[in-house]
$ cat structure-v8.txt   # compact mmCIF, C-alpha atoms
# COMPACT_ATOMS: atom_id res chain seq x y z
CA MET E 1 106.74 18.49 14.54
CA HIS E 2 105.51 20.92 17.14
CA SER E 3 102.28 20.94 19.13
CA LYS E 4 100.38 23.36 21.30
CA GLN E 5 99.00 22.32 24.66
CA ALA E 6 95.65 23.46 25.99
CA THR E 7 97.51 26.15 27.87
CA GLU E 8 98.85 27.48 24.54
CA LYS E 9 102.27 26.67 25.88
CA MET E 10 104.35 25.48 22.96
CA THR E 11 106.09 22.14 23.30
CA PHE E 12 108.82 20.83 21.03
CA ASP E 13 109.10 17.24 19.86
CA CYS E 14 112.61 16.05 20.54
CA ASP E 15 114.59 12.84 20.08
CA ILE E 16 117.23 11.88 22.59
CA ILE E 17 120.26 10.35 20.92
CA ASP E 18 122.60 8.81 23.48
CA LEU E 19 125.91 8.03 21.79
CA GLY E 20 127.69 6.77 24.89
CA LYS E 21 131.47 6.97 24.55
CA ILE E 22 132.36 8.29 21.11
CA SER E 23 135.10 10.13 19.24
CA TYR E 24 134.62 13.85 18.70
CA LYS E 25 134.73 13.44 14.93
CA LYS E 26 131.88 10.92 14.78
CA ALA E 27 129.68 12.94 17.12
CA TYR E 28 130.40 16.12 15.14
CA HIS E 29 129.24 14.47 11.95
CA LEU E 30 126.06 13.25 13.62
CA GLN E 31 125.33 16.76 14.88
CA LYS E 32 125.64 18.11 11.36
CA ARG E 33 123.38 15.37 10.01
CA SER E 34 120.74 16.08 12.68
CA LEU E 35 120.99 19.79 11.83
CA GLU E 36 120.44 19.15 8.11
CA GLU E 37 117.53 16.77 8.80
CA LEU E 38 115.83 19.31 11.05
CA LYS E 39 116.42 22.06 8.48
CA LEU E 40 114.62 19.94 5.87
CA GLY E 41 111.80 19.02 8.26
CA LEU E 42 112.81 15.35 8.15
CA SER E 43 113.33 14.89 11.88
CA ASN E 44 112.52 16.25 15.30
CA GLU E 45 114.77 18.44 17.32
CA ALA E 46 117.49 16.40 19.02
CA LEU E 47 119.46 16.22 22.21
CA ILE E 48 122.69 14.41 21.44
CA ILE E 49 124.36 13.08 24.58
CA CYS E 50 127.84 11.64 24.79
CA GLU E 51 131.21 11.25 26.49
CA HIS E 52 134.20 12.02 24.30
CA PHE E 53 137.50 10.24 24.18
CA PRO E 54 140.23 12.80 24.98
CA VAL E 55 140.08 15.71 22.59
CA ILE E 56 140.94 19.41 22.56
CA THR E 57 138.94 21.74 20.33
CA LEU E 58 139.69 25.31 19.34
CA GLY E 59 136.66 27.45 18.51
CA ARG E 60 136.49 30.03 15.73
CA SER E 61 137.39 32.88 18.06
CA GLY E 62 140.12 30.83 19.70
CA ASN E 63 143.77 31.68 20.10
CA ILE E 64 146.18 28.80 19.39
CA ASN E 65 148.48 30.20 22.11
CA ASN E 66 145.92 28.91 24.62
CA LEU E 67 147.09 25.41 23.72
CA LEU E 68 149.99 25.01 26.14
CA CYS E 69 151.80 22.24 24.27
CA ASP E 70 152.86 21.45 20.72
CA PRO E 71 149.80 20.24 18.76
CA ASN E 72 151.99 17.50 17.28
CA SER E 73 152.72 16.14 20.76
CA LEU E 74 149.04 15.53 21.55
CA ASN E 75 148.79 12.38 19.46
CA ALA E 76 151.38 10.64 21.65
CA LYS E 77 149.34 11.64 24.70
CA GLY E 78 146.26 10.00 23.12
CA VAL E 79 144.53 13.34 22.64
CA ASP E 80 142.88 14.47 19.39
CA PHE E 81 142.90 18.12 18.35
CA PHE E 82 140.47 19.91 16.04
CA LYS E 83 139.83 23.48 14.97
CA ILE E 84 136.06 23.75 14.77
CA ASP E 85 133.19 26.08 13.93
CA ARG E 86 131.74 26.78 17.37
CA GLY E 87 131.80 29.98 19.36
CA GLY E 88 134.32 30.47 22.13
CA ASP E 89 138.00 29.68 22.54
CA ILE E 90 139.69 26.42 23.52
CA THR E 91 138.17 23.58 25.51
CA ALA E 92 138.79 19.93 26.25
CA HIS E 93 136.80 16.74 26.61
CA GLU E 94 137.56 13.45 28.31
CA LEU E 95 135.70 10.41 29.59
CA GLY E 96 133.62 11.01 32.71
CA GLN E 97 132.57 14.40 31.38
CA LEU E 98 129.03 14.82 30.01
CA THR E 99 128.65 16.62 26.70
CA ILE E 100 125.28 17.64 25.24
CA TYR E 101 124.57 18.94 21.76
CA PRO E 102 121.07 20.44 21.53
CA VAL E 103 119.89 20.69 17.93
CA PHE E 104 117.01 23.12 18.44
CA ASP E 105 115.17 25.38 16.01
CA LEU E 106 115.15 28.84 17.63
CA LYS E 107 112.85 30.18 14.87
CA MET E 108 110.03 28.18 16.44
CA ARG E 109 110.60 29.58 19.90
CA LYS E 110 109.22 32.68 21.57
CA HIS E 111 112.70 34.18 21.77
CA GLN E 112 114.76 33.96 18.60
CA ASP E 113 117.67 35.22 20.61
CA ILE E 114 121.22 33.91 21.15
CA HIS E 115 121.49 35.37 24.66
CA VAL E 116 118.21 33.81 25.78
CA PHE E 117 119.30 30.42 24.46
CA LEU E 118 122.70 30.61 26.20
CA ASN E 119 121.06 31.76 29.44
CA ASN E 120 118.65 28.82 29.26
CA LEU E 121 121.53 26.36 28.80
CA GLN E 122 123.07 27.79 31.97
CA HIS E 123 119.72 27.39 33.79
CA VAL E 124 119.64 23.70 32.83
CA ILE E 125 123.11 23.17 34.30
CA LEU E 126 122.42 25.18 37.46
CA ASN E 127 119.12 23.37 38.11
CA THR E 128 120.79 19.99 37.69
CA LEU E 129 123.71 20.80 39.97
CA ARG E 130 121.26 22.06 42.58
CA GLU E 131 119.62 18.61 42.59
CA PHE E 132 123.01 17.23 43.64
CA SER E 133 123.21 19.83 46.42
CA LEU E 134 126.02 21.56 44.60
CA ARG E 135 126.05 25.32 44.83
CA ALA E 136 126.98 26.82 41.49
CA HIS E 137 126.52 30.16 39.84
CA VAL E 138 127.05 32.16 36.69
CA VAL E 139 129.49 35.05 36.39
CA GLN E 140 128.56 38.29 34.69
CA ASP E 141 130.15 38.69 31.26
CA LYS E 142 131.52 35.14 31.35
CA ARG E 143 129.65 32.17 29.96
CA GLY E 144 129.55 28.78 31.62
CA VAL E 145 128.82 27.71 35.18
CA TRP E 146 131.09 28.10 38.17
CA ALA E 147 131.52 26.51 41.60
CA GLY E 148 133.17 29.17 43.72
CA SER E 149 136.01 30.55 41.60
CA LYS E 150 136.39 27.34 39.58
CA LYS E 151 134.67 26.50 36.33
CA ILE E 152 132.55 23.36 36.26
CA ALA E 153 130.71 23.63 32.91
CA SER E 154 131.44 25.27 29.57
CA ILE E 155 129.24 26.46 26.73
CA GLY E 156 129.92 27.14 23.06
CA ILE E 157 127.42 26.93 20.23
CA GLY E 158 126.95 27.31 16.50
CA ILE E 159 123.80 28.42 14.68
CA SER E 160 122.75 27.80 11.09
CA HIS E 161 119.26 28.80 9.87
CA TRP E 162 118.60 29.57 13.54
CA ILE E 163 119.14 25.90 14.35
CA THR E 164 121.65 25.29 17.12
CA TYR E 165 124.54 22.84 17.21
CA HIS E 166 127.57 22.31 19.47
CA GLY E 167 126.47 22.95 23.07
CA LEU E 168 127.64 22.38 26.59
CA THR E 169 129.91 20.15 28.61
CA ILE E 170 129.89 19.45 32.33
CA ASN E 171 132.77 17.99 34.30
CA VAL E 172 131.07 15.19 36.22
CA ASN E 173 133.49 12.43 37.25
CA ASN E 174 136.44 13.20 34.94
CA ASN E 175 139.89 13.67 36.48
CA LEU E 176 140.45 17.06 34.73
CA LYS E 177 143.98 16.05 33.64
CA ILE E 178 143.38 17.14 30.06
CA PHE E 179 142.84 20.76 31.12
CA SER E 180 146.53 20.98 32.06
CA TYR E 181 147.25 21.16 28.32
CA ILE E 182 145.19 24.32 27.74
CA ARG E 183 144.12 27.69 29.13
CA PRO E 184 140.40 26.80 29.27
CA CYS E 185 138.32 29.30 27.28
CA GLY E 186 141.47 31.43 27.03
CA MET E 187 141.34 32.25 30.74
CA ASP E 188 143.60 31.54 33.69
CA VAL E 189 140.93 29.58 35.46
CA GLU E 190 140.98 26.39 37.48
CA MET E 191 138.54 23.73 36.38
CA THR E 192 136.58 21.59 38.77
CA SER E 193 134.11 18.71 38.56
CA VAL E 194 130.97 17.55 40.31
CA ALA E 195 132.95 14.70 41.92
CA LYS E 196 135.69 17.06 43.11
CA GLU E 197 133.21 19.50 44.63
CA LEU E 198 131.15 16.80 46.35
CA GLY E 199 134.10 14.65 47.39
CA TYR E 200 132.70 11.52 45.70
CA SER E 201 131.81 10.29 42.21
CA VAL E 202 128.16 10.49 41.27
CA ASP E 203 126.14 7.95 39.29
CA PHE E 204 126.75 9.12 35.72
CA ASN E 205 123.43 7.78 34.41
CA VAL E 206 121.47 9.42 37.20
CA PHE E 207 123.23 12.71 36.46
CA LYS E 208 122.51 12.33 32.77
CA HIS E 209 118.80 11.69 33.35
CA LYS E 210 118.42 14.60 35.73
CA LEU E 211 120.06 16.85 33.16
CA MET E 212 117.65 15.57 30.49
CA ASP E 213 114.70 16.28 32.79
CA ASN E 214 115.91 19.83 33.27
CA PHE E 215 116.35 20.28 29.53
CA CYS E 216 112.72 19.19 29.09
CA LYS E 217 111.50 21.65 31.71
CA VAL E 218 113.52 24.67 30.60
CA PHE E 219 113.00 24.15 26.85
CA ASN E 220 109.47 22.60 26.98
CA LEU E 221 110.60 19.43 25.25
CA ASN E 222 108.32 16.54 24.45
CA ILE E 223 110.56 13.46 24.17
CA LYS E 224 109.48 11.32 21.23
CA THR E 225 112.18 8.68 20.99
CA GLU E 226 115.33 7.69 22.76
CA ARG E 227 117.87 5.93 20.65
CA ASN E 228 121.49 5.22 20.04
CA LYS E 229 122.03 6.31 16.47
CA GLY E 230 124.51 4.22 14.47
CA VAL E 231 127.46 6.25 13.28
CA LYS E 232 129.95 3.51 12.41
CA ASN E 233 130.09 4.19 8.70
CA GLU E 234 129.77 7.93 8.77
CA THR E 235 132.31 10.08 7.04
CA SER E 236 133.26 13.57 8.11
CA ASN E 237 135.16 16.45 6.59
CA LEU E 238 136.57 17.32 10.02
CA THR E 239 140.33 16.98 9.78
CA ARG E 240 142.56 16.33 12.72
CA THR E 241 144.94 19.21 13.40
CA GLY E 242 148.43 18.57 14.66
CA MET V 1 121.71 43.41 -6.71
CA LYS V 2 120.76 42.35 -3.18
CA GLN V 3 122.67 43.11 -0.04
CA VAL V 4 123.24 40.60 2.75
CA ILE V 5 122.74 42.20 6.15
CA LEU V 6 123.82 41.08 9.64
CA PRO V 7 120.41 40.35 11.22
CA GLU V 8 119.21 40.91 14.78
CA LEU V 9 120.88 38.22 16.92
CA GLY V 10 119.32 38.91 20.28
CA GLU V 11 118.53 41.58 22.81
CA GLY V 12 121.61 43.58 23.68
CA ILE V 13 123.72 42.09 20.88
CA THR V 14 124.86 44.96 18.70
CA LYS V 15 128.11 43.65 17.20
CA ALA V 16 129.73 40.48 15.91
CA ILE V 17 133.10 39.51 14.46
CA VAL V 18 133.25 38.09 10.96
CA THR V 19 134.96 34.70 11.34
CA PHE V 20 134.56 32.75 8.10
CA TRP V 21 133.34 33.20 4.53
CA HIS V 22 131.79 29.96 3.24
CA ILE V 23 131.63 31.30 -0.33
CA LYS V 24 134.33 33.20 -2.22
CA GLU V 25 133.79 36.33 -4.28
CA GLY V 26 132.65 35.41 -7.79
CA GLU V 27 131.21 32.04 -6.75
CA ALA V 28 127.57 31.00 -7.17
CA VAL V 29 125.32 30.98 -4.11
CA LYS V 30 121.76 29.87 -3.46
CA GLU V 31 119.19 31.81 -1.46
CA GLY V 32 119.25 30.57 2.14
CA GLU V 33 122.67 28.96 1.85
CA ASP V 34 125.11 29.75 4.66
CA LEU V 35 127.24 32.58 3.28
CA VAL V 36 129.27 34.01 6.11
CA GLU V 37 129.85 33.14 9.75
CA ALA V 38 130.00 35.75 12.50
CA ALA V 39 130.83 35.23 16.19
CA THR V 40 129.30 36.87 19.22
CA ASP V 41 129.32 35.90 22.87
CA LYS V 42 129.95 32.12 22.81
CA ALA V 43 128.15 31.57 19.53
CA THR V 44 128.94 31.41 15.86
CA PHE V 45 126.05 32.51 13.66
CA ASN V 46 125.80 31.63 9.98
CA VAL V 47 124.26 34.41 7.93
CA PRO V 48 122.37 33.04 4.92
CA SER V 49 122.44 34.48 1.42
CA SER V 50 119.49 36.78 0.72
CA ALA V 51 119.25 35.70 -2.93
CA SER V 52 120.41 33.16 -5.50
CA GLY V 53 123.09 34.36 -7.88
CA THR V 54 126.75 35.27 -7.69
CA LEU V 55 128.56 36.63 -4.65
CA SER V 56 129.68 39.78 -6.46
CA LYS V 57 131.24 41.69 -3.57
CA ILE V 58 132.46 40.87 -0.07
CA LEU V 59 132.18 44.09 1.95
CA VAL V 60 133.79 42.94 5.21
CA GLN V 61 136.76 40.68 5.87
CA GLU V 62 137.37 37.89 8.39
CA GLY V 63 138.38 39.56 11.66
CA ASP V 64 136.31 42.69 11.06
CA THR V 65 133.80 43.81 13.68
CA VAL V 66 130.37 44.53 12.21
CA ASN V 67 127.19 46.05 13.62
CA VAL V 68 123.72 44.52 13.42
CA GLY V 69 122.16 45.95 10.24
CA ASP V 70 125.50 46.38 8.45
CA ALA V 71 125.79 45.17 4.85
CA LEU V 72 128.18 42.21 4.60
CA ALA V 73 128.04 41.36 0.90
CA GLU V 74 126.30 41.96 -2.41
CA ILE V 75 124.64 39.24 -4.45
CA LYS V 76 124.13 39.70 -8.20
CA GLU V 77 120.89 37.90 -9.09
$ encode --input "structure-v8.txt" --output "structure tokens"
Amino acid sequence: MHSKQATEKMTFDCDIIDLGKISYKKAYHLQKRSLEELKLGLSNEALIICEHFPVITLGRSGNINNLLCDPNSLNAKGVDFFKIDRGGDITAHELGQLTIYPVFDLKMRKHQDIHVFLNNLQHVILNTLREFSLRAHVVQDKRGVWAGSKKIASIGIGISHWITYHGLTINVNNNLKIFSYIRPCGMDVEMTSVAKELGYSVDFNVFKHKLMDNFCKVFNLNIKTERNKGVKNETSNLTRTG
Amino acid sequence: MKQVILPELGEGITKAIVTFWHIKEGEAVKEGEDLVEAATDKATFNVPSSASGTLSKILVQEGDTVNVGDALAEIKE
């Protein structure tokens, strides 16, 4: 699945799976399936791209007190809630926000290193925001990407057999309302979006494609196929909480 | 008897917190199967079993902080 260029620079065959607007549960199952397929050598690495319907997720290291309302009240607000197996604390997703799940095999890479992988995810985000003339930065000892003192993108991953799942989410055109229900990442931090920082909404597809381009550059990806993988009949053992 | 060790996770990463045991003490496990999950930075890392057999002893509990190189469990082959 991998090839070496004349320069001896390793490239990684990768499928782009654009799920469009999708529930968290369905996308989670697809991530796990892509992970298992890659583990067995049955598929390429994958970049799963989507927008989630409103959902709040609590990571393994998360504190339920960072959810600022009763979990049972979320359903009436049209918000799902799951406790999940990614790193980090609490986060939220809503439409207009871009979420990416890279399913990459770190064993095949020069650096089999969690920090290097997380740093590279941040580089992808920073490079993309720069293309929209948005000044952003990272903060020492805090993951994610920031615009001034506000957080614009969050990161949280899982690793099995040195294959990554979960990933990153960037507030693009979303209205950020859902973050009023949580203390994002367990911090007293204000969230922002690309649209809020620029003063206008950006073309979501253009943003998505620029982000993909930066993923290819930073991670030396060789895109093999782009598809919308059917997930209608998938089942998942992820159980809604609250 | 084989020990399961917390492997090197990356430069500068010396510790992790045990967050979830996939297998219970006394249960069968296959070599390479995810055995225990540990969290560091913004990542959860699944440590695979080093052998096929029975998970005979869990040496660290969920919530414990462990160092890279520490033994996490024993597998009876």
$ closest_atom_pairs --input "structure-v8.txt" --of "chain V" --to "chain E" --cutoff "6 Å" --atoms "all atoms listed in the file" --output "tab-separated table"
residue	atom	partner	partner_atom	distance
V:Leu9	CA	E:Asp113	CA	5.7
V:Gly10	CA	E:Asp113	CA	4.1
V:Lys42	CA	E:Gly87	CA	4.5
V:Ala43	CA	E:Gly87	CA	4.0
V:Thr44	CA	E:Gly158	CA	4.6
V:Phe45	CA	E:Ile159	CA	4.8
V:Asn46	CA	E:Ser160	CA	5.0
$ atom_distance --input "structure-v8.txt" --atom1 "CA of Asn214 (chain E)" --atom2 "CA of Thr192 (chain E)"
21.5 Å
$ atom_distance --input "structure-v8.txt" --atom1 "CA of Ala73 (chain V)" --atom2 "CA of Lys2 (chain V)"
8.4 Å
$ atom_distance --input "structure-v8.txt" --atom1 "CA of Glu37 (chain E)" --atom2 "CA of Glu37 (chain V)"
20.5 Å
$ residues_around --input "structure-v8.txt" --residues "Asp188 (chain E)" --least-positions-apart "4" --cutoff "12 Å" --atoms "only C-alpha atoms" --output "count of residues only"
10
$ residues_near_point --input "structure-v8.txt" --point "(126.2, 47.4, 8.3)" --cutoff "10 Å" --atoms "only C-alpha atoms" --output "PyMOL selection string"
chain V and resi 4-7+15+59-60+65-73
$ axis_aligned_box --input "structure-v8.txt" --around "region 29-32 of chain E" --padding-each-side "4 Å" --output "AutoDock Vina command-line options"
--center_x 127.3 --center_y 15.7 --center_z 13.1 --size_x 11.9 --size_y 12.9 --size_z 11.5
$ closest_residue --input "structure-v8.txt" --among "E:Leu198, E:Leu58, E:Ile178, E:Leu19" --to "Gly78 (chain E)" --atoms "all atoms listed in the file"
E:Ile178
$ closest_residue --input "structure-v8.txt" --among "E:His93, E:Lys77, E:Lys210, E:Lys224" --to "Phe132 (chain E)" --atoms "all atoms listed in the file"
E:Lys210
$ residues_around --input "structure-v8.txt" --residues "His137 (chain E)" --least-positions-apart "4" --cutoff "10 Å" --atoms "only C-alpha atoms" --output "list in words"
Gln122, His123, Ile125, Leu126, Leu129, Gly144, Val145, Trp146, Ala147, Gly148, Ser149, Lys151 and Ile152 of chain E
$ closest_residue --input "structure-v8.txt" --among "V:Ile13, V:Val29, V:Val18, V:Val36" --to "Ser56 (chain V)" --atoms "all atoms listed in the file"
V:Val29
$ decode --input "structure-v8.txt" --residues "chain V" --atoms "C-alpha atoms" --output "PDB file, in the first residue's frame"
ATOM      1  CA  MET V   1       4.548 -16.053  31.905  1.00  0.00           C
ATOM      2  CA  LYS V   2       4.970 -12.906  29.806  1.00  0.00           C
ATOM      3  CA  GLN V   3       4.714  -9.363  31.015  1.00  0.00           C
ATOM      4  CA  VAL V   4       2.952  -6.597  29.117  1.00  0.00           C
ATOM      5  CA  ILE V   5       4.962  -3.384  29.197  1.00  0.00           C
ATOM      6  CA  LEU V   6       3.963   0.225  28.460  1.00  0.00           C
ATOM      7  CA  PRO V   7       5.991   0.876  25.280  1.00  0.00           C
ATOM      8  CA  GLU V   8       7.750   4.037  24.115  1.00  0.00           C
ATOM      9  CA  LEU V   9       5.013   6.445  22.974  1.00  0.00           C
ATOM     10  CA  GLY V  10       7.083   9.330  21.701  1.00  0.00           C
ATOM     11  CA  GLU V  11       9.930  11.652  22.496  1.00  0.00           C
ATOM     12  CA  GLY V  12       9.422  13.331  25.838  1.00  0.00           C
ATOM     13  CA  ILE V  13       6.490  11.110  26.824  1.00  0.00           C
ATOM     14  CA  THR V  14       7.448   9.370  30.053  1.00  0.00           C
ATOM     15  CA  LYS V  15       4.074   8.695  31.690  1.00  0.00           C
ATOM     16  CA  ALA V  16       0.501   7.760  30.874  1.00  0.00           C
ATOM     17  CA  ILE V  17      -2.698   7.184  32.829  1.00  0.00           C
ATOM     18  CA  VAL V  18      -4.368   3.788  32.648  1.00  0.00           C
ATOM     19  CA  THR V  19      -7.899   4.489  31.409  1.00  0.00           C
ATOM     20  CA  PHE V  20      -9.535   1.194  30.436  1.00  0.00           C
ATOM     21  CA  TRP V  21      -8.939  -2.555  30.620  1.00  0.00           C
ATOM     22  CA  HIS V  22     -10.419  -4.281  27.560  1.00  0.00           C
ATOM     23  CA  ILE V  23      -9.896  -7.737  29.098  1.00  0.00           C
ATOM     24  CA  LYS V  24     -10.642  -8.833  32.663  1.00  0.00           C
ATOM     25  CA  GLU V  25      -8.344 -10.872  34.877  1.00  0.00           C
ATOM     26  CA  GLY V  26      -8.779 -14.580  34.149  1.00  0.00           C
ATOM     27  CA  GLU V  27     -10.068 -14.032  30.608  1.00  0.00           C
ATOM     28  CA  ALA V  28      -8.422 -15.381  27.457  1.00  0.00           C
ATOM     29  CA  VAL V  29      -6.444 -12.992  25.271  1.00  0.00           C
ATOM     30  CA  LYS V  30      -4.732 -13.298  21.903  1.00  0.00           C
ATOM     31  CA  GLU V  31      -1.290 -11.944  21.063  1.00  0.00           C
ATOM     32  CA  GLY V  32      -1.669  -8.483  19.519  1.00  0.00           C
ATOM     33  CA  GLU V  33      -5.189  -7.954  20.831  1.00  0.00           C
ATOM     34  CA  ASP V  34      -5.839  -4.596  22.508  1.00  0.00           C
ATOM     35  CA  LEU V  35      -5.450  -5.315  26.216  1.00  0.00           C
ATOM     36  CA  VAL V  36      -5.363  -2.023  28.046  1.00  0.00           C
ATOM     37  CA  GLU V  37      -5.812   1.616  27.111  1.00  0.00           C
ATOM     38  CA  ALA V  38      -3.613   4.398  28.471  1.00  0.00           C
ATOM     39  CA  ALA V  39      -3.991   8.152  27.942  1.00  0.00           C
ATOM     40  CA  THR V  40      -1.303  10.749  27.407  1.00  0.00           C
ATOM     41  CA  ASP V  41      -1.454  14.262  26.016  1.00  0.00           C
ATOM     42  CA  LYS V  42      -4.606  14.249  23.845  1.00  0.00           C
ATOM     43  CA  ALA V  43      -4.290  10.604  22.880  1.00  0.00           C
ATOM     44  CA  THR V  44      -5.507   7.246  24.055  1.00  0.00           C
ATOM     45  CA  PHE V  45      -3.095   4.429  23.257  1.00  0.00           C
ATOM     46  CA  ASN V  46      -4.128   0.775  23.210  1.00  0.00           C
ATOM     47  CA  VAL V  47      -1.401  -1.514  24.492  1.00  0.00           C
ATOM     48  CA  PRO V  48      -1.575  -4.935  22.831  1.00  0.00           C
ATOM     49  CA  SER V  49      -1.126  -8.262  24.585  1.00  0.00           C
ATOM     50  CA  SER V  50       2.423  -9.613  24.277  1.00  0.00           C
ATOM     51  CA  ALA V  51       1.240 -13.238  24.101  1.00  0.00           C
ATOM     52  CA  SER V  52      -1.763 -15.514  23.657  1.00  0.00           C
ATOM     53  CA  GLY V  53      -3.077 -17.098  26.821  1.00  0.00           C
ATOM     54  CA  THR V  54      -4.869 -15.968  29.950  1.00  0.00           C
ATOM     55  CA  LEU V  55      -4.647 -12.536  31.540  1.00  0.00           C
ATOM     56  CA  SER V  56      -3.413 -13.909  34.852  1.00  0.00           C
ATOM     57  CA  LYS V  57      -2.651 -10.670  36.678  1.00  0.00           C
ATOM     58  CA  ILE V  58      -3.525  -6.997  36.248  1.00  0.00           C
ATOM     59  CA  LEU V  59      -0.707  -5.019  37.883  1.00  0.00           C
ATOM     60  CA  VAL V  60      -2.119  -1.490  37.544  1.00  0.00           C
ATOM     61  CA  GLN V  61      -5.652  -0.171  37.900  1.00  0.00           C
ATOM     62  CA  GLU V  62      -7.690   2.334  35.885  1.00  0.00           C
ATOM     63  CA  GLY V  63      -6.667   5.805  37.077  1.00  0.00           C
ATOM     64  CA  ASP V  64      -3.107   4.790  37.943  1.00  0.00           C
ATOM     65  CA  THR V  65      -0.198   6.726  36.447  1.00  0.00           C
ATOM     66  CA  VAL V  66       2.413   4.463  34.875  1.00  0.00           C
ATOM     67  CA  ASN V  67       5.877   5.071  33.435  1.00  0.00           C
ATOM     68  CA  VAL V  68       7.093   3.963  30.018  1.00  0.00           C
ATOM     69  CA  GLY V  69       8.685   0.541  30.568  1.00  0.00           C
ATOM     70  CA  ASP V  70       6.461  -0.345  33.537  1.00  0.00           C
ATOM     71  CA  ALA V  71       4.838  -3.786  33.627  1.00  0.00           C
ATOM     72  CA  LEU V  72       1.047  -3.520  33.277  1.00  0.00           C
ATOM     73  CA  ALA V  73      -0.040  -7.152  33.336  1.00  0.00           C
ATOM     74  CA  GLU V  74       1.065 -10.775  33.217  1.00  0.00           C
ATOM     75  CA  ILE V  75      -0.085 -13.249  30.596  1.00  0.00           C
ATOM     76  CA  LYS V  76       0.019 -16.992  31.309  1.00  0.00           C
ATOM     77  CA  GLU V  77       0.774 -18.719  27.996  1.00  0.00           C
TER      78      GLU V  77
END
